[in-house]
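Trainee: Attaching a single structure in structure tokens format; questions to follow.
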Amino acid sequence: MSTFQLEQTYSNFINGEWVKAASGKTDASINPANRNEVVGHVPASGVEDLNQAVTAAKAAAKSWRKLTGAERGDFLFQAANVLERRANEVAEAMTREMGKTFPEAKGETMRGVAILRYYAGEGMRKTGDVIPSTDSEALMFTTRVPLGVVGVIAPWNFPVAIPIWKAAPALIYGNTVVLKPAQETAVTAAKVLECFEEAGLPAGVLNLVCGKGSVIGSAMAEHPDVNGITFTGSNEVGKRVGAAVLSRGAKYQLEMGGKNPVIIAADADLDLAVEGTISGGLKSTGQKCTATSRVIIERIVYDAFKEKLLAKVEEIRLGDGMSGESWMGPCASEGQLNTVLSYIQKGQDEGAILLAGGNRPDSPELAEGFYVQPTVFEGVESHMSIAREEIFGPVLALMPVDSIEEAIELANDSDYGLSASIYTQNVGSMLSFIRDMDAGLVRINAETAGVELQAPFGGMKMSSSHSREQGQAAIEFFTAIKTVFVKS
Ligand SMILES: NC(=O)C1=CN([C@@H]2O[C@H](COP(=O)(O)OP(=O)(O)OC[C@H]3O[C@@H](n4cnc5c(N)ncnc54)[C@H](O)[C@@H]3O)[C@@H](O)[C@H]2O)C=CC1
Ligand SMILES: O=C(O)CCC(=O)C(=O)O
């Protein structure tokens with residue numbers, strides 16, 4: 001049973017207290033499935049609010065870093081238990097704020113629980129190596145120290161998992177955190193922070209400041225007391241954040257877009273491939289950086305695959321994510337809907353052929369939501385905008401090829417390199433794909449989306465700053481190595 005209540009007013013969480021923005025201003029967070037529903041009112045903070053949060057985080061860092069990893073881990077275990085208990089409420093907040101279906105939101109919330117437990121355990125694992133010294137009387141080893149205050153700039157598409165997969169490793173390795181969520185999903189972020197509060201996290205260790213990215217996000221990137229920034233979002237903003245942080249000598253980590261291909265080989269299990277293409281491309285309304293957008297098919301099975309795909313797309317039920325009947329919810333915002341519609345128009349203008357969807361649905365009960373039909377194009381060429389730019393919507397581009405070599409070459413013809421899949425039963429094709437595909441995540445007979453929390457995640461080319469998040473890879477960003485030489 002969910003206890004989520006609409007139209008509450010939320011605050012920032014600074015130094016262990018819920019406080020309004022200094023200006024007193026709020027923004028309404030609205031439901032993309034029904035623009036008339038106000039999910040909650042969230043602070044429209046200013047730089048003054050951010051400064052207070054950074055000051056609190058800096059002060060808390062002194063004692064937080066002195067705790068043992070096991071002691072810090074205990075707080076994360078507690079937060080996981082609270083989040084698990086409140087999972088329905090948090091998931092409902094997510095569905096109402098950004099539109100993904102409730103089962104997906106619940107799954108993401110439980111992933112948040114698992115991430116917290118994973119990193120809680122990290123507090124007990126090794127943080128260094130003993131390295132033989134050339135001096136026989138010395139001991140040389142490495143240890144790791146936290147960066148200090150970490151700024152988390154999070155997007156709206158995974159409003160629980162992404163803030164947690166950034167904040168949890170930051171905290172376990174001894175950093176304190178200021179989280180700036182996407183304003184579209186600030187209610188969900190406040191719910192997550194309530195779980196940490198209930199877990200008894202010491203004041204100032206994790207702070208929440210809600211507001212515009214151009215105000216809070218950019219001030220965070222420039223703040224002299226923020227020692228590291230971890231960002232997920234658009235390429236354009238990511239590059240700006242990276243440049244600002246670099247210019248003051250702090251550390252940054254950027255996870256940005258994708259233009260992820262799936263290759264359907266002539267020997268693929270076509271039913272499995274269709275299932276993976278639909279799930280990878282259209283779940284969450286295509287709003288994942290790992291979403292499938294280019295579908296590269298060996299010509300010999302092109303028609304058979306297309307027919308099966310279109311039949312399945314036809315069956316997709318659009319609707320409010322809180323209704324058990326819906327498979328696909330709305331776009332997360334009106335801006336996102338307009339972006340998707342403009343790409344669909346561009347696709348047609350540039351000569352691609354629309355096979356399915358392409359419009360807003362015409363049923364009256366969806367008229368107040370930001371819905372768009374699942375859309376499939378064919379006749380897509382690699383130079384077209386819909387083959388090159390991240391759409392972040394439920395749009396698939398079908399592209400035929402004559403061989404696996406050509407498929408991999410086409411798949412690599414992209415500025416991005418986040419995730420890529422191949423459906424094949426041929427071991428040689430699998431090995432060529434693993435070796436030659438320029439992507440941080442390569443998946444065989446599995447969809448492009450869906451990352452595992454215990455494995456490194458990040459992209460090549462323009463998809464990331466070449467660092468990796470999640471799993472044990474997270475320690476590389478959230479700590480600095482110290483080499484210690486001891487001689488009596
Ligand atoms: N890689 C991913 O998972 C995501 C990719 N995107 C891509 O970005 C496009 C636009 O979505 P947006 O929500 O507008 O993404 P965005 O990049 O503007 O927002 C991501 C985060 O950055 C913050 N931000 C915005 N401007 C900032 C600035 N100047 N300095 C620092 N932080 C700032 C936002 O408030 C949010 O917290 C989408 O259509 C999609 O292509 C969006 C969200 C997630
Ligand atoms: O595919 C996933 O589970 C993660 C996707 C992701 O990290 C993103 O969209 O930002």
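Residues are referred to by chain and number: the chain letter is A, B, ... according to the order shown in the structure tokens, the number counts from 1 in that chain, and ligands are numbered separately from 1 in the order shown.
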For chain A versus ligand 1, which residues have an atom no more than 6 Å away, and what is each residue's nearest atom pair and distance in Å rounded to one decimal, using only C-alpha atoms and all ligand atoms, chain-then-number order, as JSON lines?
Mentor:
{"residue": "A:Ile153", "atom": "CA", "partner": "ligand 1", "partner_atom_place_in_ligand_line": "37 (O)", "distance": 5.0}
{"residue": "A:Ala154", "atom": "CA", "partner": "ligand 1", "partner_atom_place_in_ligand_line": "37 (O)", "distance": 4.5}
{"residue": "A:Pro155", "atom": "CA", "partner": "ligand 1", "partner_atom_place_in_ligand_line": "20 (C)", "distance": 4.3}
{"residue": "A:Trp156", "atom": "CA", "partner": "ligand 1", "partner_atom_place_in_ligand_line": "43 (C)", "distance": 5.9}
{"residue": "A:Asn157", "atom": "CA", "partner": "ligand 1", "partner_atom_place_in_ligand_line": "44 (C)", "distance": 5.7}
{"residue": "A:Pro181", "atom": "CA", "partner": "ligand 1", "partner_atom_place_in_ligand_line": "37 (O)", "distance": 4.9}
{"residue": "A:Ala182", "atom": "CA", "partner": "ligand 1", "partner_atom_place_in_ligand_line": "37 (O)", "distance": 3.6}
{"residue": "A:Lys212", "atom": "CA", "partner": "ligand 1", "partner_atom_place_in_ligand_line": "35 (O)", "distance": 5.3}
{"residue": "A:Gly213", "atom": "CA", "partner": "ligand 1", "partner_atom_place_in_ligand_line": "35 (O)", "distance": 3.2}
{"residue": "A:Ser214", "atom": "CA", "partner": "ligand 1", "partner_atom_place_in_ligand_line": "29 (N)", "distance": 3.9}
{"residue": "A:Gly217", "atom": "CA", "partner": "ligand 1", "partner_atom_place_in_ligand_line": "31 (C)", "distance": 3.4}
{"residue": "A:Ser218", "atom": "CA", "partner": "ligand 1", "partner_atom_place_in_ligand_line": "30 (N)", "distance": 3.6}
{"residue": "A:Thr232", "atom": "CA", "partner": "ligand 1", "partner_atom_place_in_ligand_line": "1 (N)", "distance": 5.4}
{"residue": "A:Gly233", "atom": "CA", "partner": "ligand 1", "partner_atom_place_in_ligand_line": "4 (C)", "distance": 3.7}
{"residue": "A:Ser234", "atom": "CA", "partner": "ligand 1", "partner_atom_place_in_ligand_line": "8 (O)", "distance": 3.4}
{"residue": "A:Val237", "atom": "CA", "partner": "ligand 1", "partner_atom_place_in_ligand_line": "17 (O)", "distance": 4.8}
{"residue": "A:Val241", "atom": "CA", "partner": "ligand 1", "partner_atom_place_in_ligand_line": "31 (C)", "distance": 5.7}
{"residue": "A:Glu255", "atom": "CA", "partner": "ligand 1", "partner_atom_place_in_ligand_line": "1 (N)", "distance": 5.8}
{"residue": "A:Met256", "atom": "CA", "partner": "ligand 1", "partner_atom_place_in_ligand_line": "1 (N)", "distance": 3.9}
{"residue": "A:Gly257", "atom": "CA", "partner": "ligand 1", "partner_atom_place_in_ligand_line": "1 (N)", "distance": 4.3}
{"residue": "A:Lys288", "atom": "CA", "partner": "ligand 1", "partner_atom_place_in_ligand_line": "3 (O)", "distance": 5.5}
{"residue": "A:Cys289", "atom": "CA", "partner": "ligand 1", "partner_atom_place_in_ligand_line": "3 (O)", "distance": 4.3}
{"residue": "A:Gln336", "atom": "CA", "partner": "ligand 1", "partner_atom_place_in_ligand_line": "39 (O)", "distance": 6.0}
{"residue": "A:Glu390", "atom": "CA", "partner": "ligand 1", "partner_atom_place_in_ligand_line": "41 (O)", "distance": 5.1}
{"residue": "A:Ile391", "atom": "CA", "partner": "ligand 1", "partner_atom_place_in_ligand_line": "41 (O)", "distance": 5.7}
{"residue": "A:Phe392", "atom": "CA", "partner": "ligand 1", "partner_atom_place_in_ligand_line": "41 (O)", "distance": 4.9}
Trainee: Set the distance at 7 Å and use only C-alpha atoms: which residues neighbour Ala449 of chain A once local chain neighbours fewer than 2 positions away are removed? I'd like the list as an MDAnalysis selection string.
Mentor: chainID A and resid 280 290:291 447 451
Trainee: Can you list, as a list in words, every residue of segment 45-201 of chain A that DSSP puts in strand (DSSP E or B)?
Mentor: Val130, Ala138, Leu139, Met140, Phe141, Thr142, Thr143, Arg144, Val145, Pro146, Val149, Val150, Gly151, Val152, Ile153, Thr176, Val177, Val178, Leu179 and Lys180 of chain A
Trainee: May I ask which of the residues A:Arg468, A:Arg117, A:Lys306, A:Lys180 is the closest one to ligand 2, counting only C-alpha atoms and all ligand atoms?
Mentor: A:Arg468
Trainee: One number please: atom CA of Ala170 of chain A to atom CA of Gly450 of chain A, in Å, one decimal.
Mentor: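 A separation of 22.2 Å between them.
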Trainee: List as number ranges by chain the protein and nucleic acid residues near segment 123-127 of chain A, meaning an atom at most 6 Å away when only C-alpha atoms are counted, but skip any in the same chain fewer than 3 places from it.
Mentor: A: 69-70, 73, 120, 143, 172
Trainee: Find the residues near segment 11-20 of chain A: any atom within 6 Å, counting only C-alpha atoms, skip ones fewer than 3 places away on the same chain, and give them as a ChimeraX atom specification.
Mentor: /A:43,53,56,203-204,207-209
Trainee: Print the selection's residues with N, CA and C atoms to a file, as a compact mmCIF listing (two decimals), in the first residue's frame.
Mentor:
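Output saved as part.txt:
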# COMPACT_ATOMS: atom_id res chain seq x y z
N PRO A 43 11.19 23.38 -3.74
CA PRO A 43 11.89 24.67 -3.62
C PRO A 43 12.54 25.10 -4.94
N ALA A 53 24.30 24.60 2.00
CA ALA A 53 24.44 23.14 1.94
C ALA A 53 25.91 22.75 1.83
N ALA A 56 27.56 23.14 5.16
CA ALA A 56 27.19 22.04 6.07
C ALA A 56 27.95 20.77 5.70
N ALA A 203 23.90 14.89 10.63
CA ALA A 203 23.57 16.15 9.96
C ALA A 203 24.69 16.59 9.03
N GLY A 204 24.31 17.06 7.85
CA GLY A 204 25.27 17.64 6.91
C GLY A 204 25.94 16.63 5.99
N ASN A 207 22.98 16.26 1.74
CA ASN A 207 22.12 17.45 1.67
C ASN A 207 21.42 17.48 0.32
N LEU A 208 20.24 18.12 0.30
CA LEU A 208 19.46 18.19 -0.93
C LEU A 208 19.15 19.66 -1.22
N VAL A 209 19.48 20.10 -2.43
CA VAL A 209 19.13 21.47 -2.83
C VAL A 209 18.43 21.39 -4.19
Trainee: Would you list, as a CSV table (one decimal) with C-alpha atoms, in the first residue's frame, the residues of segment 240-334 of chain A that end up in alpha helix (DSSP H) under DSSP run on this structure's backbone?
Mentor:
chain,number,residue,atom,x,y,z
A,240,ARG,CA,29.9,22.7,-19.7
A,241,VAL,CA,30.0,21.2,-16.2
A,242,GLY,CA,33.2,19.4,-17.0
A,243,ALA,CA,34.9,22.5,-18.3
A,244,ALA,CA,33.9,24.5,-15.2
A,245,VAL,CA,35.1,21.9,-12.8
A,246,LEU,CA,38.3,21.3,-14.7
A,247,SER,CA,39.1,25.0,-14.7
A,270,LEU,CA,14.0,-13.2,-34.2
A,271,ASP,CA,11.4,-13.5,-31.4
A,272,LEU,CA,14.0,-12.8,-28.8
A,273,ALA,CA,15.5,-10.0,-30.8
A,274,VAL,CA,12.1,-8.3,-31.3
A,275,GLU,CA,11.4,-8.6,-27.5
A,276,GLY,CA,14.8,-7.1,-26.7
A,277,THR,CA,14.4,-4.3,-29.3
A,278,ILE,CA,11.0,-3.3,-27.9
A,279,SER,CA,12.1,-3.5,-24.3
A,280,GLY,CA,15.4,-1.8,-24.9
A,281,GLY,CA,14.0,0.9,-27.2
A,282,LEU,CA,10.6,1.7,-25.8
A,302,TYR,CA,14.9,-7.7,-42.6
A,303,ASP,CA,11.3,-8.3,-43.7
A,304,ALA,CA,10.6,-11.1,-41.2
A,305,PHE,CA,12.1,-9.0,-38.4
A,306,LYS,CA,10.2,-5.9,-39.4
A,307,GLU,CA,6.9,-7.7,-39.6
A,308,LYS,CA,7.3,-9.2,-36.1
A,309,LEU,CA,8.4,-5.9,-34.7
A,310,LEU,CA,5.5,-3.9,-36.1
A,311,ALA,CA,3.0,-6.5,-34.9
A,312,LYS,CA,4.4,-6.2,-31.3
A,313,VAL,CA,4.6,-2.4,-31.5
A,314,GLU,CA,0.9,-2.4,-32.5
A,334,GLU,CA,6.2,18.8,-22.3
Trainee: Between A:Ala387, A:Ile30, A:Met437, A:Ile300, single out the one closest to Ile408 of chain A, counting only C-alpha atoms.
Mentor: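 Ranked by minimum distance to Ile408 of chain A, first place goes to A:Met437.
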Trainee: Could you pull the residues within 7 Å of Lys259 of chain A, counting only C-alpha atoms, minus those fewer than 3 positions along the same chain, as a list in words?
Mentor: Ser293, Arg388, Glu389, Glu390 and Tyr416 of chain A
Trainee: Could you name the residues that touch Arg294 of chain A at 7 Å or less, counting only C-alpha atoms, but leaving out those on the same chain fewer than 2 positions away, as a PyMOL selection string?
Mentor: chain A and resi 260-262+292+296+387+396-398
Trainee: Neighbouring residues of Leu50 of chain A were defined as those with any atom within 9 Å, considering only C-alpha atoms; residues of the same chain fewer than 3 positions away were excluded. Please report them as a list in words.
Mentor: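 My reading of the contact set: Ile14, Ser45, Gly46, Val47, Ala53, Val54, Thr55, Val178, Leu208, Val209, Cys210, Ile216, Ala219 and Met220 of chain A.
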Trainee: Take the residues that were just selected and, keeping C-alpha atoms, output them as a short mmCIF file (atom, residue, chain, number, x, y, z; two decimals), in the first residue's frame.
Mentor:
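New file again15.cif:
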data_model
loop_
_atom_site.label_atom_id
_atom_site.label_comp_id
_atom_site.auth_asym_id
_atom_site.auth_seq_id
_atom_site.Cartn_x
_atom_site.Cartn_y
_atom_site.Cartn_z
CA ILE A 14 20.43 21.08 4.69
CA SER A 45 16.40 27.54 -4.60
CA GLY A 46 19.10 30.13 -5.19
CA VAL A 47 22.86 30.17 -4.77
CA ALA A 53 24.44 23.14 1.94
CA VAL A 54 28.08 23.16 0.87
CA THR A 55 29.11 24.74 4.18
CA VAL A 178 25.16 17.82 -1.88
CA LEU A 208 19.46 18.19 -0.93
CA VAL A 209 19.13 21.47 -2.83
CA CYS A 210 16.37 21.70 -5.45
CA ILE A 216 22.17 25.46 -8.69
CA ALA A 219 26.99 27.24 -9.14
CA MET A 220 27.84 23.80 -7.79
#
Trainee: Give the answer as one residue: which of A:Val395, A:Val82, A:Ala105, A:Ala367 has the shortest atom-to-atom distance to ligand 2, using only C-alpha atoms and all ligand atoms?
Mentor: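 Comparing A:Val395, A:Val82, A:Ala105, A:Ala367 against ligand 2, the winner is A:Ala105.
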Trainee: Between A:Lys346, A:Arg86, A:His223, A:Arg111, which is the closest to ligand 2 once you count only C-alpha atoms and all ligand atoms?
Mentor: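 Using only C-alpha atoms and all ligand atoms, ligand 2 sits closest to A:Arg111.
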Trainee: Could you jot down the atom CA of Tyr118 of chain A to atom CA of Glu476 of chain A separation for me, Å, one decimal place?
Mentor: 16.4 Å
Trainee: Which one is closest to ligand 2: A:Asp269, A:Glu104, A:Glu325, A:Asp402? Count only C-alpha atoms and all ligand atoms.
Mentor: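 The answer is A:Glu104, which sits nearest to ligand 2.
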Trainee: With distances taken over only C-alpha atoms, which of A:Gly286, A:Ala265, A:Thr448, A:Gly238 is nearest to Glu406 of chain A?
Mentor: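 Result for the nearest residue to Glu406 of chain A: A:Ala265.
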Trainee: Using Å and a single decimal, report how far atom CA of Leu441 of chain A sits from atom CA of Ser419 of chain A.
Mentor: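 For atom CA of Ser419 of chain A relative to atom CA of Leu441 of chain A, the distance reads 4.5 Å.
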